>>> print(open('structure37.pdb').read())   # PDB, C-alpha atoms, pLDDT in the B column
ATOM      1  CA  MET S  13      74.351 217.244 -10.934  1.00 43.00           C
ATOM      2  CA  ALA S  14      76.194 213.996 -11.266  1.00 46.00           C
ATOM      3  CA  THR S  15      74.251 211.212  -9.662  1.00 45.00           C
ATOM      4  CA  ASP S  16      75.569 208.271 -11.632  1.00 47.00           C
ATOM      5  CA  ASP S  17      77.662 207.045  -8.747  1.00 47.00           C
ATOM      6  CA  VAL S  18      74.753 206.951  -6.297  1.00 45.00           C
ATOM      7  CA  PRO S  19      73.812 203.324  -5.518  1.00 46.00           C
ATOM      8  CA  GLY S  20      70.359 202.574  -6.858  1.00 44.00           C
ATOM      9  CA  GLY S  21      67.804 199.770  -6.944  1.00 43.00           C
ATOM     10  CA  GLY S  22      68.119 196.368  -8.551  1.00 43.00           C
ATOM     11  CA  ASP S  23      67.094 197.455 -12.018  1.00 46.00           C
ATOM     12  CA  ARG S  24      69.636 200.292 -12.000  1.00 45.00           C
ATOM     13  CA  LEU S  25      72.310 197.846 -11.000  1.00 47.00           C
ATOM     14  CA  GLY S  26      71.195 195.506 -13.746  1.00 45.00           C
ATOM     15  CA  ARG S  27      71.292 198.249 -16.353  1.00 48.00           C
ATOM     16  CA  ARG S  28      74.748 199.346 -15.255  1.00 51.00           C
ATOM     17  CA  SER S  29      76.119 195.829 -15.431  1.00 51.00           C
ATOM     18  CA  GLY S  30      74.806 195.485 -18.970  1.00 53.00           C
ATOM     19  CA  PHE S  31      72.055 193.026 -18.046  1.00 58.00           C
ATOM     20  CA  SER S  32      68.417 193.997 -17.921  1.00 60.00           C
ATOM     21  CA  PRO S  33      65.634 191.593 -16.992  1.00 61.00           C
ATOM     22  CA  TRP S  34      63.017 193.672 -18.822  1.00 67.00           C
ATOM     23  CA  PRO S  35      63.458 192.450 -22.425  1.00 77.00           C
ATOM     24  CA  ALA S  36      63.102 188.824 -21.293  1.00 80.00           C
ATOM     25  CA  ARG S  37      59.979 189.640 -19.312  1.00 82.00           C
ATOM     26  CA  ARG S  38      58.541 191.585 -22.225  1.00 84.00           C
ATOM     27  CA  ARG S  39      59.331 188.692 -24.552  1.00 84.00           C
ATOM     28  CA  ASN S  40      57.558 186.252 -22.199  1.00 86.00           C
ATOM     29  CA  ARG S  41      54.515 188.517 -22.043  1.00 88.00           C
ATOM     30  CA  ALA S  42      54.440 188.813 -25.819  1.00 90.00           C
ATOM     31  CA  ARG S  43      54.723 185.041 -26.162  1.00 89.00           C
ATOM     32  CA  ALA S  44      51.919 184.507 -23.641  1.00 89.00           C
ATOM     33  CA  ALA S  45      49.745 187.027 -25.492  1.00 92.00           C
ATOM     34  CA  VAL S  46      50.348 185.301 -28.833  1.00 94.00           C
ATOM     35  CA  ILE S  47      49.569 181.869 -27.329  1.00 93.00           C
ATOM     36  CA  GLY S  48      46.437 183.302 -25.704  1.00 93.00           C
ATOM     37  CA  ILE S  49      45.214 184.769 -28.995  1.00 95.00           C
ATOM     38  CA  VAL S  50      45.904 181.512 -30.872  1.00 95.00           C
ATOM     39  CA  LEU S  51      44.105 179.453 -28.205  1.00 95.00           C
ATOM     40  CA  ALA S  52      41.134 181.828 -28.146  1.00 95.00           C
ATOM     41  CA  GLY S  53      40.917 181.604 -31.949  1.00 95.00           C
ATOM     42  CA  TYR S  54      41.118 177.840 -31.800  1.00 95.00           C
ATOM     43  CA  ALA S  55      38.411 177.677 -29.113  1.00 95.00           C
ATOM     44  CA  TRP S  56      36.210 179.992 -31.194  1.00 94.00           C
ATOM     45  CA  ALA S  57      36.613 177.762 -34.255  1.00 94.00           C
ATOM     46  CA  ALA S  58      36.098 174.571 -32.222  1.00 93.00           C
ATOM     47  CA  GLY S  59      33.000 176.083 -30.604  1.00 91.00           C
ATOM     48  CA  ALA S  60      31.404 176.482 -34.036  1.00 91.00           C
ATOM     49  CA  THR S  61      31.619 172.779 -34.920  1.00 90.00           C
ATOM     50  CA  GLU S  62      28.545 170.622 -35.173  1.00 88.00           C
ATOM     51  CA  PRO S  63      28.179 168.070 -32.315  1.00 84.00           C
ATOM     52  CA  PHE S  64      28.750 164.417 -33.328  1.00 85.00           C
ATOM     53  CA  SER S  65      30.736 165.533 -36.397  1.00 90.00           C
ATOM     54  CA  THR S  66      34.230 164.432 -37.371  1.00 92.00           C
ATOM     55  CA  THR S  67      35.388 168.064 -37.184  1.00 92.00           C
ATOM     56  CA  ALA S  68      34.199 168.304 -33.579  1.00 92.00           C
ATOM     57  CA  LEU S  69      36.060 165.094 -32.743  1.00 93.00           C
ATOM     58  CA  VAL S  70      39.249 166.333 -34.413  1.00 95.00           C
ATOM     59  CA  CYS S  71      38.960 169.681 -32.581  1.00 94.00           C
ATOM     60  CA  VAL S  72      38.942 167.779 -29.276  1.00 94.00           C
ATOM     61  CA  LEU S  73      41.638 165.334 -30.381  1.00 95.00           C
ATOM     62  CA  ILE S  74      44.174 168.027 -31.333  1.00 95.00           C
ATOM     63  CA  PRO S  75      44.553 169.596 -27.840  1.00 95.00           C
ATOM     64  CA  GLY S  76      44.722 166.101 -26.341  1.00 95.00           C
ATOM     65  CA  VAL S  77      47.476 164.980 -28.712  1.00 95.00           C
ATOM     66  CA  VAL S  78      49.415 168.254 -28.389  1.00 95.00           C
ATOM     67  CA  LEU S  79      49.308 168.238 -24.578  1.00 94.00           C
ATOM     68  CA  ALA S  80      50.155 164.536 -24.435  1.00 94.00           C
ATOM     69  CA  ALA S  81      53.159 165.172 -26.711  1.00 94.00           C
ATOM     70  CA  ILE S  82      54.288 168.115 -24.571  1.00 93.00           C
ATOM     71  CA  ALA S  83      53.850 166.082 -21.375  1.00 90.00           C
ATOM     72  CA  TYR S  84      55.829 163.192 -22.830  1.00 90.00           C
ATOM     73  CA  ALA S  85      58.509 164.777 -25.002  1.00 91.00           C
ATOM     74  CA  TRP S  86      58.974 168.314 -23.700  1.00 90.00           C
ATOM     75  CA  PRO S  87      57.652 168.293 -20.123  1.00 89.00           C
ATOM     76  CA  PRO S  88      57.483 171.794 -18.667  1.00 88.00           C
ATOM     77  CA  GLN S  89      58.851 172.610 -15.246  1.00 88.00           C
ATOM     78  CA  ARG S  90      56.394 170.898 -12.933  1.00 88.00           C
ATOM     79  CA  ILE S  91      54.839 172.293  -9.764  1.00 89.00           C
ATOM     80  CA  PRO S  92      56.129 169.919  -7.076  1.00 89.00           C
ATOM     81  CA  PRO S  93      53.283 167.815  -5.637  1.00 88.00           C
ATOM     82  CA  PRO S  94      52.934 167.482  -1.859  1.00 88.00           C
ATOM     83  CA  GLU S  95      54.811 164.583  -0.238  1.00 88.00           C
ATOM     84  CA  LYS S  96      51.643 163.500   1.549  1.00 89.00           C
ATOM     85  CA  LEU S  97      48.089 164.660   2.073  1.00 90.00           C
ATOM     86  CA  ASP S  98      46.254 165.213   5.329  1.00 91.00           C
ATOM     87  CA  ILE S  99      43.813 162.287   5.569  1.00 91.00           C
ATOM     88  CA  THR S 100      41.078 164.271   7.304  1.00 92.00           C
ATOM     89  CA  GLY S 101      41.378 167.164   4.876  1.00 91.00           C
ATOM     90  CA  MET S 102      41.338 164.824   1.902  1.00 94.00           C
ATOM     91  CA  PHE S 103      38.297 163.024   3.277  1.00 94.00           C
ATOM     92  CA  TYR S 104      36.146 166.150   2.725  1.00 95.00           C
ATOM     93  CA  TRP S 105      37.051 165.996  -0.963  1.00 96.00           C
ATOM     94  CA  VAL S 106      36.322 162.273  -1.127  1.00 96.00           C
ATOM     95  CA  ILE S 107      32.844 162.919   0.277  1.00 96.00           C
ATOM     96  CA  ALA S 108      32.156 165.775  -2.165  1.00 95.00           C
ATOM     97  CA  VAL S 109      33.459 163.930  -5.253  1.00 95.00           C
ATOM     98  CA  GLY S 110      31.700 160.726  -4.142  1.00 95.00           C
ATOM     99  CA  ALA S 111      28.401 162.600  -3.715  1.00 94.00           C
ATOM    100  CA  LEU S 112      28.734 164.108  -7.197  1.00 93.00           C
ATOM    101  CA  PHE S 113      29.417 160.696  -8.740  1.00 91.00           C
ATOM    102  CA  GLU S 114      26.556 159.099  -6.795  1.00 91.00           C
ATOM    103  CA  TRP S 115      24.090 161.807  -7.853  1.00 88.00           C
ATOM    104  CA  GLU S 116      25.252 161.507 -11.476  1.00 87.00           C
ATOM    105  CA  ALA S 117      25.190 157.699 -11.390  1.00 87.00           C
ATOM    106  CA  SER S 118      21.630 157.630 -10.056  1.00 84.00           C
ATOM    107  CA  ALA S 119      20.534 159.855 -12.962  1.00 80.00           C
ATOM    108  CA  TRP S 120      22.418 157.705 -15.447  1.00 77.00           C
ATOM    109  CA  LYS S 121      20.921 154.519 -13.981  1.00 76.00           C
ATOM    110  CA  ASP S 122      17.436 155.954 -14.483  1.00 70.00           C
ATOM    111  CA  ASN S 123      18.291 156.652 -18.153  1.00 72.00           C
ATOM    112  CA  SER S 124      18.489 160.326 -17.311  1.00 70.00           C
ATOM    113  CA  LEU S 125      14.735 160.836 -17.299  1.00 76.00           C
ATOM    114  CA  PRO S 126      13.436 164.430 -17.327  1.00 78.00           C
ATOM    115  CA  TRP S 127      12.573 164.175 -13.638  1.00 78.00           C
ATOM    116  CA  HIS S 128      16.127 163.145 -12.750  1.00 82.00           C
ATOM    117  CA  PRO S 129      18.439 164.713 -15.347  1.00 87.00           C
ATOM    118  CA  SER S 130      22.147 163.970 -15.415  1.00 88.00           C
ATOM    119  CA  LEU S 131      24.767 166.712 -15.172  1.00 89.00           C
ATOM    120  CA  THR S 132      25.360 166.339 -18.918  1.00 88.00           C
ATOM    121  CA  ASP S 133      21.677 166.978 -19.652  1.00 88.00           C
ATOM    122  CA  LEU S 134      21.836 170.118 -17.539  1.00 90.00           C
ATOM    123  CA  ILE S 135      25.125 171.421 -18.955  1.00 91.00           C
ATOM    124  CA  ASN S 136      24.537 170.699 -22.667  1.00 90.00           C
ATOM    125  CA  PRO S 137      21.823 173.378 -23.116  1.00 90.00           C
ATOM    126  CA  LEU S 138      24.089 175.895 -21.360  1.00 92.00           C
ATOM    127  CA  LEU S 139      26.801 175.144 -23.944  1.00 91.00           C
ATOM    128  CA  GLY S 140      24.407 176.002 -26.773  1.00 90.00           C
ATOM    129  CA  PRO S 141      25.508 179.606 -27.421  1.00 92.00           C
ATOM    130  CA  HIS S 142      28.698 179.748 -29.475  1.00 93.00           C
ATOM    131  CA  VAL S 143      30.461 182.145 -27.123  1.00 95.00           C
ATOM    132  CA  VAL S 144      29.744 179.985 -24.053  1.00 95.00           C
ATOM    133  CA  LYS S 145      30.922 176.802 -25.759  1.00 95.00           C
ATOM    134  CA  SER S 146      34.088 178.527 -26.988  1.00 95.00           C
ATOM    135  CA  ALA S 147      34.812 179.884 -23.504  1.00 96.00           C
ATOM    136  CA  ALA S 148      34.277 176.398 -22.059  1.00 96.00           C
ATOM    137  CA  ILE S 149      36.677 174.899 -24.631  1.00 96.00           C
ATOM    138  CA  LEU S 150      39.281 177.550 -23.795  1.00 96.00           C
ATOM    139  CA  LEU S 151      38.852 176.783 -20.091  1.00 96.00           C
ATOM    140  CA  TRP S 152      39.175 173.060 -20.812  1.00 96.00           C
ATOM    141  CA  ILE S 153      42.459 173.609 -22.681  1.00 96.00           C
ATOM    142  CA  CYS S 154      43.793 175.792 -19.842  1.00 95.00           C
ATOM    143  CA  VAL S 155      42.877 173.083 -17.311  1.00 95.00           C
ATOM    144  CA  GLY S 156      44.715 170.550 -19.478  1.00 95.00           C
ATOM    145  CA  TRP S 157      47.814 172.743 -19.480  1.00 93.00           C
ATOM    146  CA  ALA S 158      47.552 173.170 -15.694  1.00 93.00           C
ATOM    147  CA  LEU S 159      47.386 169.368 -15.354  1.00 94.00           C
ATOM    148  CA  VAL S 160      50.457 168.891 -17.558  1.00 93.00           C
ATOM    149  CA  ARG S 161      52.361 171.235 -15.258  1.00 90.00           C
ATOM    150  CA  ARG S 162      51.406 169.187 -12.196  1.00 88.00           C
TER     151      ARG S 162
ATOM    152  CA  MET W  53       4.699 175.004  -2.942  1.00 66.00           C
ATOM    153  CA  ALA W  54       5.974 171.493  -3.590  1.00 75.00           C
ATOM    154  CA  MET W  55       9.218 171.065  -5.490  1.00 81.00           C
ATOM    155  CA  SER W  56       9.351 168.782  -8.500  1.00 85.00           C
ATOM    156  CA  THR W  57      11.790 165.870  -8.562  1.00 84.00           C
ATOM    157  CA  ARG W  58      13.687 167.632 -11.357  1.00 86.00           C
ATOM    158  CA  GLU W  59      14.188 170.679  -9.144  1.00 89.00           C
ATOM    159  CA  VAL W  60      15.396 168.467  -6.292  1.00 89.00           C
ATOM    160  CA  THR W  61      17.933 166.889  -8.667  1.00 88.00           C
ATOM    161  CA  ILE W  62      19.194 170.275  -9.854  1.00 91.00           C
ATOM    162  CA  ILE W  63      19.443 171.544  -6.273  1.00 93.00           C
ATOM    163  CA  GLY W  64      21.380 168.397  -5.369  1.00 92.00           C
ATOM    164  CA  PHE W  65      23.935 169.078  -8.103  1.00 92.00           C
ATOM    165  CA  ALA W  66      24.130 172.753  -7.103  1.00 95.00           C
ATOM    166  CA  ILE W  67      24.775 171.850  -3.451  1.00 95.00           C
ATOM    167  CA  VAL W  68      27.567 169.381  -4.292  1.00 95.00           C
ATOM    168  CA  ILE W  69      29.272 171.782  -6.728  1.00 95.00           C
ATOM    169  CA  ALA W  70      28.931 174.676  -4.258  1.00 97.00           C
ATOM    170  CA  ALA W  71      30.479 172.429  -1.584  1.00 96.00           C
ATOM    171  CA  MET W  72      33.458 171.828  -3.871  1.00 96.00           C
ATOM    172  CA  PHE W  73      33.967 175.555  -4.393  1.00 96.00           C
ATOM    173  CA  ALA W  74      33.688 176.058  -0.612  1.00 96.00           C
ATOM    174  CA  LEU W  75      36.298 173.335  -0.023  1.00 96.00           C
ATOM    175  CA  GLU W  76      38.666 174.968  -2.506  1.00 96.00           C
ATOM    176  CA  PHE W  77      38.144 178.326  -0.796  1.00 96.00           C
ATOM    177  CA  LEU W  78      38.801 176.803   2.650  1.00 96.00           C
ATOM    178  CA  ALA W  79      41.851 174.938   1.324  1.00 95.00           C
ATOM    179  CA  ARG W  80      43.439 178.188   0.165  1.00 95.00           C
ATOM    180  CA  ARG W  81      43.345 179.713   3.654  1.00 94.00           C
ATOM    181  CA  PRO W  82      46.745 179.756   5.373  1.00 93.00           C
ATOM    182  CA  GLY W  83      47.373 176.708   7.556  1.00 89.00           C
ATOM    183  CA  SER W  84      44.440 174.767   6.138  1.00 92.00           C
ATOM    184  CA  ARG W  85      44.606 170.965   6.434  1.00 92.00           C
ATOM    185  CA  ILE W  86      42.353 170.613   3.406  1.00 94.00           C
ATOM    186  CA  PRO W  87      44.354 170.215   0.175  1.00 95.00           C
ATOM    187  CA  THR W  88      43.485 172.296  -2.872  1.00 94.00           C
ATOM    188  CA  VAL W  89      42.298 170.551  -6.035  1.00 94.00           C
ATOM    189  CA  GLY W  90      45.714 171.196  -7.562  1.00 93.00           C
ATOM    190  CA  GLN W  91      47.468 169.624  -4.586  1.00 93.00           C
ATOM    191  CA  TRP W  92      45.481 166.414  -4.493  1.00 94.00           C
ATOM    192  CA  LEU W  93      45.473 166.059  -8.255  1.00 93.00           C
ATOM    193  CA  GLY W  94      49.246 166.627  -8.185  1.00 93.00           C
ATOM    194  CA  TYR W  95      49.523 163.941  -5.522  1.00 93.00           C
ATOM    195  CA  LEU W  96      47.468 161.515  -7.642  1.00 93.00           C
ATOM    196  CA  MET W  97      49.662 162.350 -10.638  1.00 92.00           C
ATOM    197  CA  ARG W  98      52.915 161.455  -8.927  1.00 92.00           C
ATOM    198  CA  PRO W  99      53.010 157.925 -10.370  1.00 92.00           C
ATOM    199  CA  ARG W 100      52.993 157.746 -14.172  1.00 91.00           C
ATOM    200  CA  ILE W 101      49.760 155.725 -14.235  1.00 94.00           C
ATOM    201  CA  GLY W 102      48.017 158.400 -12.139  1.00 93.00           C
ATOM    202  CA  ARG W 103      49.254 161.042 -14.545  1.00 93.00           C
ATOM    203  CA  VAL W 104      47.975 159.117 -17.556  1.00 94.00           C
ATOM    204  CA  LEU W 105      44.580 158.439 -15.963  1.00 95.00           C
ATOM    205  CA  VAL W 106      44.026 162.046 -14.856  1.00 95.00           C
ATOM    206  CA  LEU W 107      44.956 163.364 -18.316  1.00 95.00           C
ATOM    207  CA  LEU W 108      42.680 160.769 -19.928  1.00 95.00           C
ATOM    208  CA  GLY W 109      39.869 161.904 -17.622  1.00 95.00           C
ATOM    209  CA  TRP W 110      40.482 165.491 -18.683  1.00 96.00           C
ATOM    210  CA  TRP W 111      40.370 164.508 -22.370  1.00 95.00           C
ATOM    211  CA  TRP W 112      37.239 162.420 -21.863  1.00 95.00           C
ATOM    212  CA  LEU W 113      35.468 165.451 -20.354  1.00 94.00           C
ATOM    213  CA  GLY W 114      36.338 167.480 -23.450  1.00 93.00           C
ATOM    214  CA  TRP W 115      35.144 164.735 -25.776  1.00 94.00           C
ATOM    215  CA  HIS W 116      31.953 164.213 -23.768  1.00 92.00           C
ATOM    216  CA  TYR W 117      30.913 167.853 -23.675  1.00 91.00           C
ATOM    217  CA  PHE W 118      32.363 169.334 -26.882  1.00 90.00           C
ATOM    218  CA  ALA W 119      32.452 166.540 -29.442  1.00 88.00           C
ATOM    219  CA  ARG W 120      29.124 164.899 -28.627  1.00 78.00           C
TER     220      ARG W 120
END
>>> encode(input="structure37.pdb", output="structure tokens")
Amino acid sequence: MATDDVPGGGDRLGRRSGFSPWPARRRNRARAAVIGIVLAGYAWAAGATEPFSTTALVCVLIPGVVLAAIAYAWPPQRIPPPEKLDITGMFYWVIAVGALFEWEASAWKDNSLPWHPSLTDLINPLLGPHVVKSAAILLWICVGWALVRR
Amino acid sequence: MAMSTREVTIIGFAIVIAAMFALEFLARRPGSRIPTVGQWLGYLMRPRIGRVLVLLGWWWLGWHYFAR
């Protein structure tokens, strides 16, 4: 039964007109997968570096330099920021961020004694296992990319 | 049982961080007046200097936790 002349959905129309969106989408997915694998590998390697070493410093410098170069020379399409913020809504964030800084500053002022540890003292032991540190580095790079897009 | 000062400190950090997650959750509800982290960071990054400072802050966090 001939059904070729029956109007179909968007993809059918696209195929008939000689244009299909699928290869482009597949290409984008493949590119994202390759970037993801490279970043995961990089984070794994960076997670294995010794703290306070030159290698560790370079491993942190590279993402910073790369993202700064992208932001400056090849800026991606940015997510438009809001024209203005609701003052009351923003005030909740100011309180929360201010409280975090105050709590951290009081620990820092006391030289981060065991009875009042700073956030760094609490987080550093958690970053001990290689897999956790690598995951944190990967998350940090992703946050950097999200910031570049803003 | 009395809590040690260390425990009080840790609970303080946990409360503040939990409050931030709660704010982000509330901000993502439709019609919310509270901006999301992405929205207010995007607002701060509108001028070039804000953009530079926020990105420097991001890099400093990486250096502080992963290189030291």
>>> atom_distance(input="structure37.pdb", atom1="atom CA of Trp111 of chain W", atom2="atom CA of Ile63 of chain W")
27.3 Å
>>> residues_around(input="structure37.pdb", residues="Tyr54 of chain S", least_positions_apart="4", cutoff="10 Å", atoms="only C-alpha atoms", output="PyMOL selection string")
chain S and resi 48-50+58-59+71+75+146+149-150
>>> residues_around(input="structure37.pdb", residues="Arg85 of chain W", least_positions_apart="5", cutoff="12 Å", atoms="all atoms listed in the file", output="list of chain:residue names")
S:Lys96, S:Leu97, S:Asp98, S:Ile99, S:Thr100, S:Gly101, S:Met102, S:Phe103, S:Tyr104, S:Trp105, W:Leu75, W:Glu76, W:Leu78, W:Ala79, W:Arg80, W:Gln91, W:Trp92
>>> resolve_selection(input="structure37.pdb", expression="the ChimeraX specification (/W :<7) & /S", output="list of chain:residue names")
S:Pro63, S:Phe64, S:Ala68, S:Leu69, S:Val72, S:Gly76, S:Pro93, S:Pro94, S:Leu97, S:Asp98, S:Gly101, S:Met102, S:Ala108, S:Ala111, S:Leu112, S:Pro126, S:Trp127, S:His128, S:Pro129, S:Trp152, S:Gly156, S:Arg162
>>> resolve_selection(input="structure37.pdb", expression="the PyMOL selection byres ((chain S and resi 143) around 12)", output="number ranges by chain")
S: 52-53, 55-60, 138-142, 144-150
>>> atom_distance(input="structure37.pdb", atom1="atom CA of Leu51 of chain S", atom2="atom CA of Arg100 of chain W")
27.3 Å
>>> atom_distance(input="structure37.pdb", atom1="atom CA of Ala81 of chain S", atom2="atom CA of Cys154 of chain S")
15.7 Å
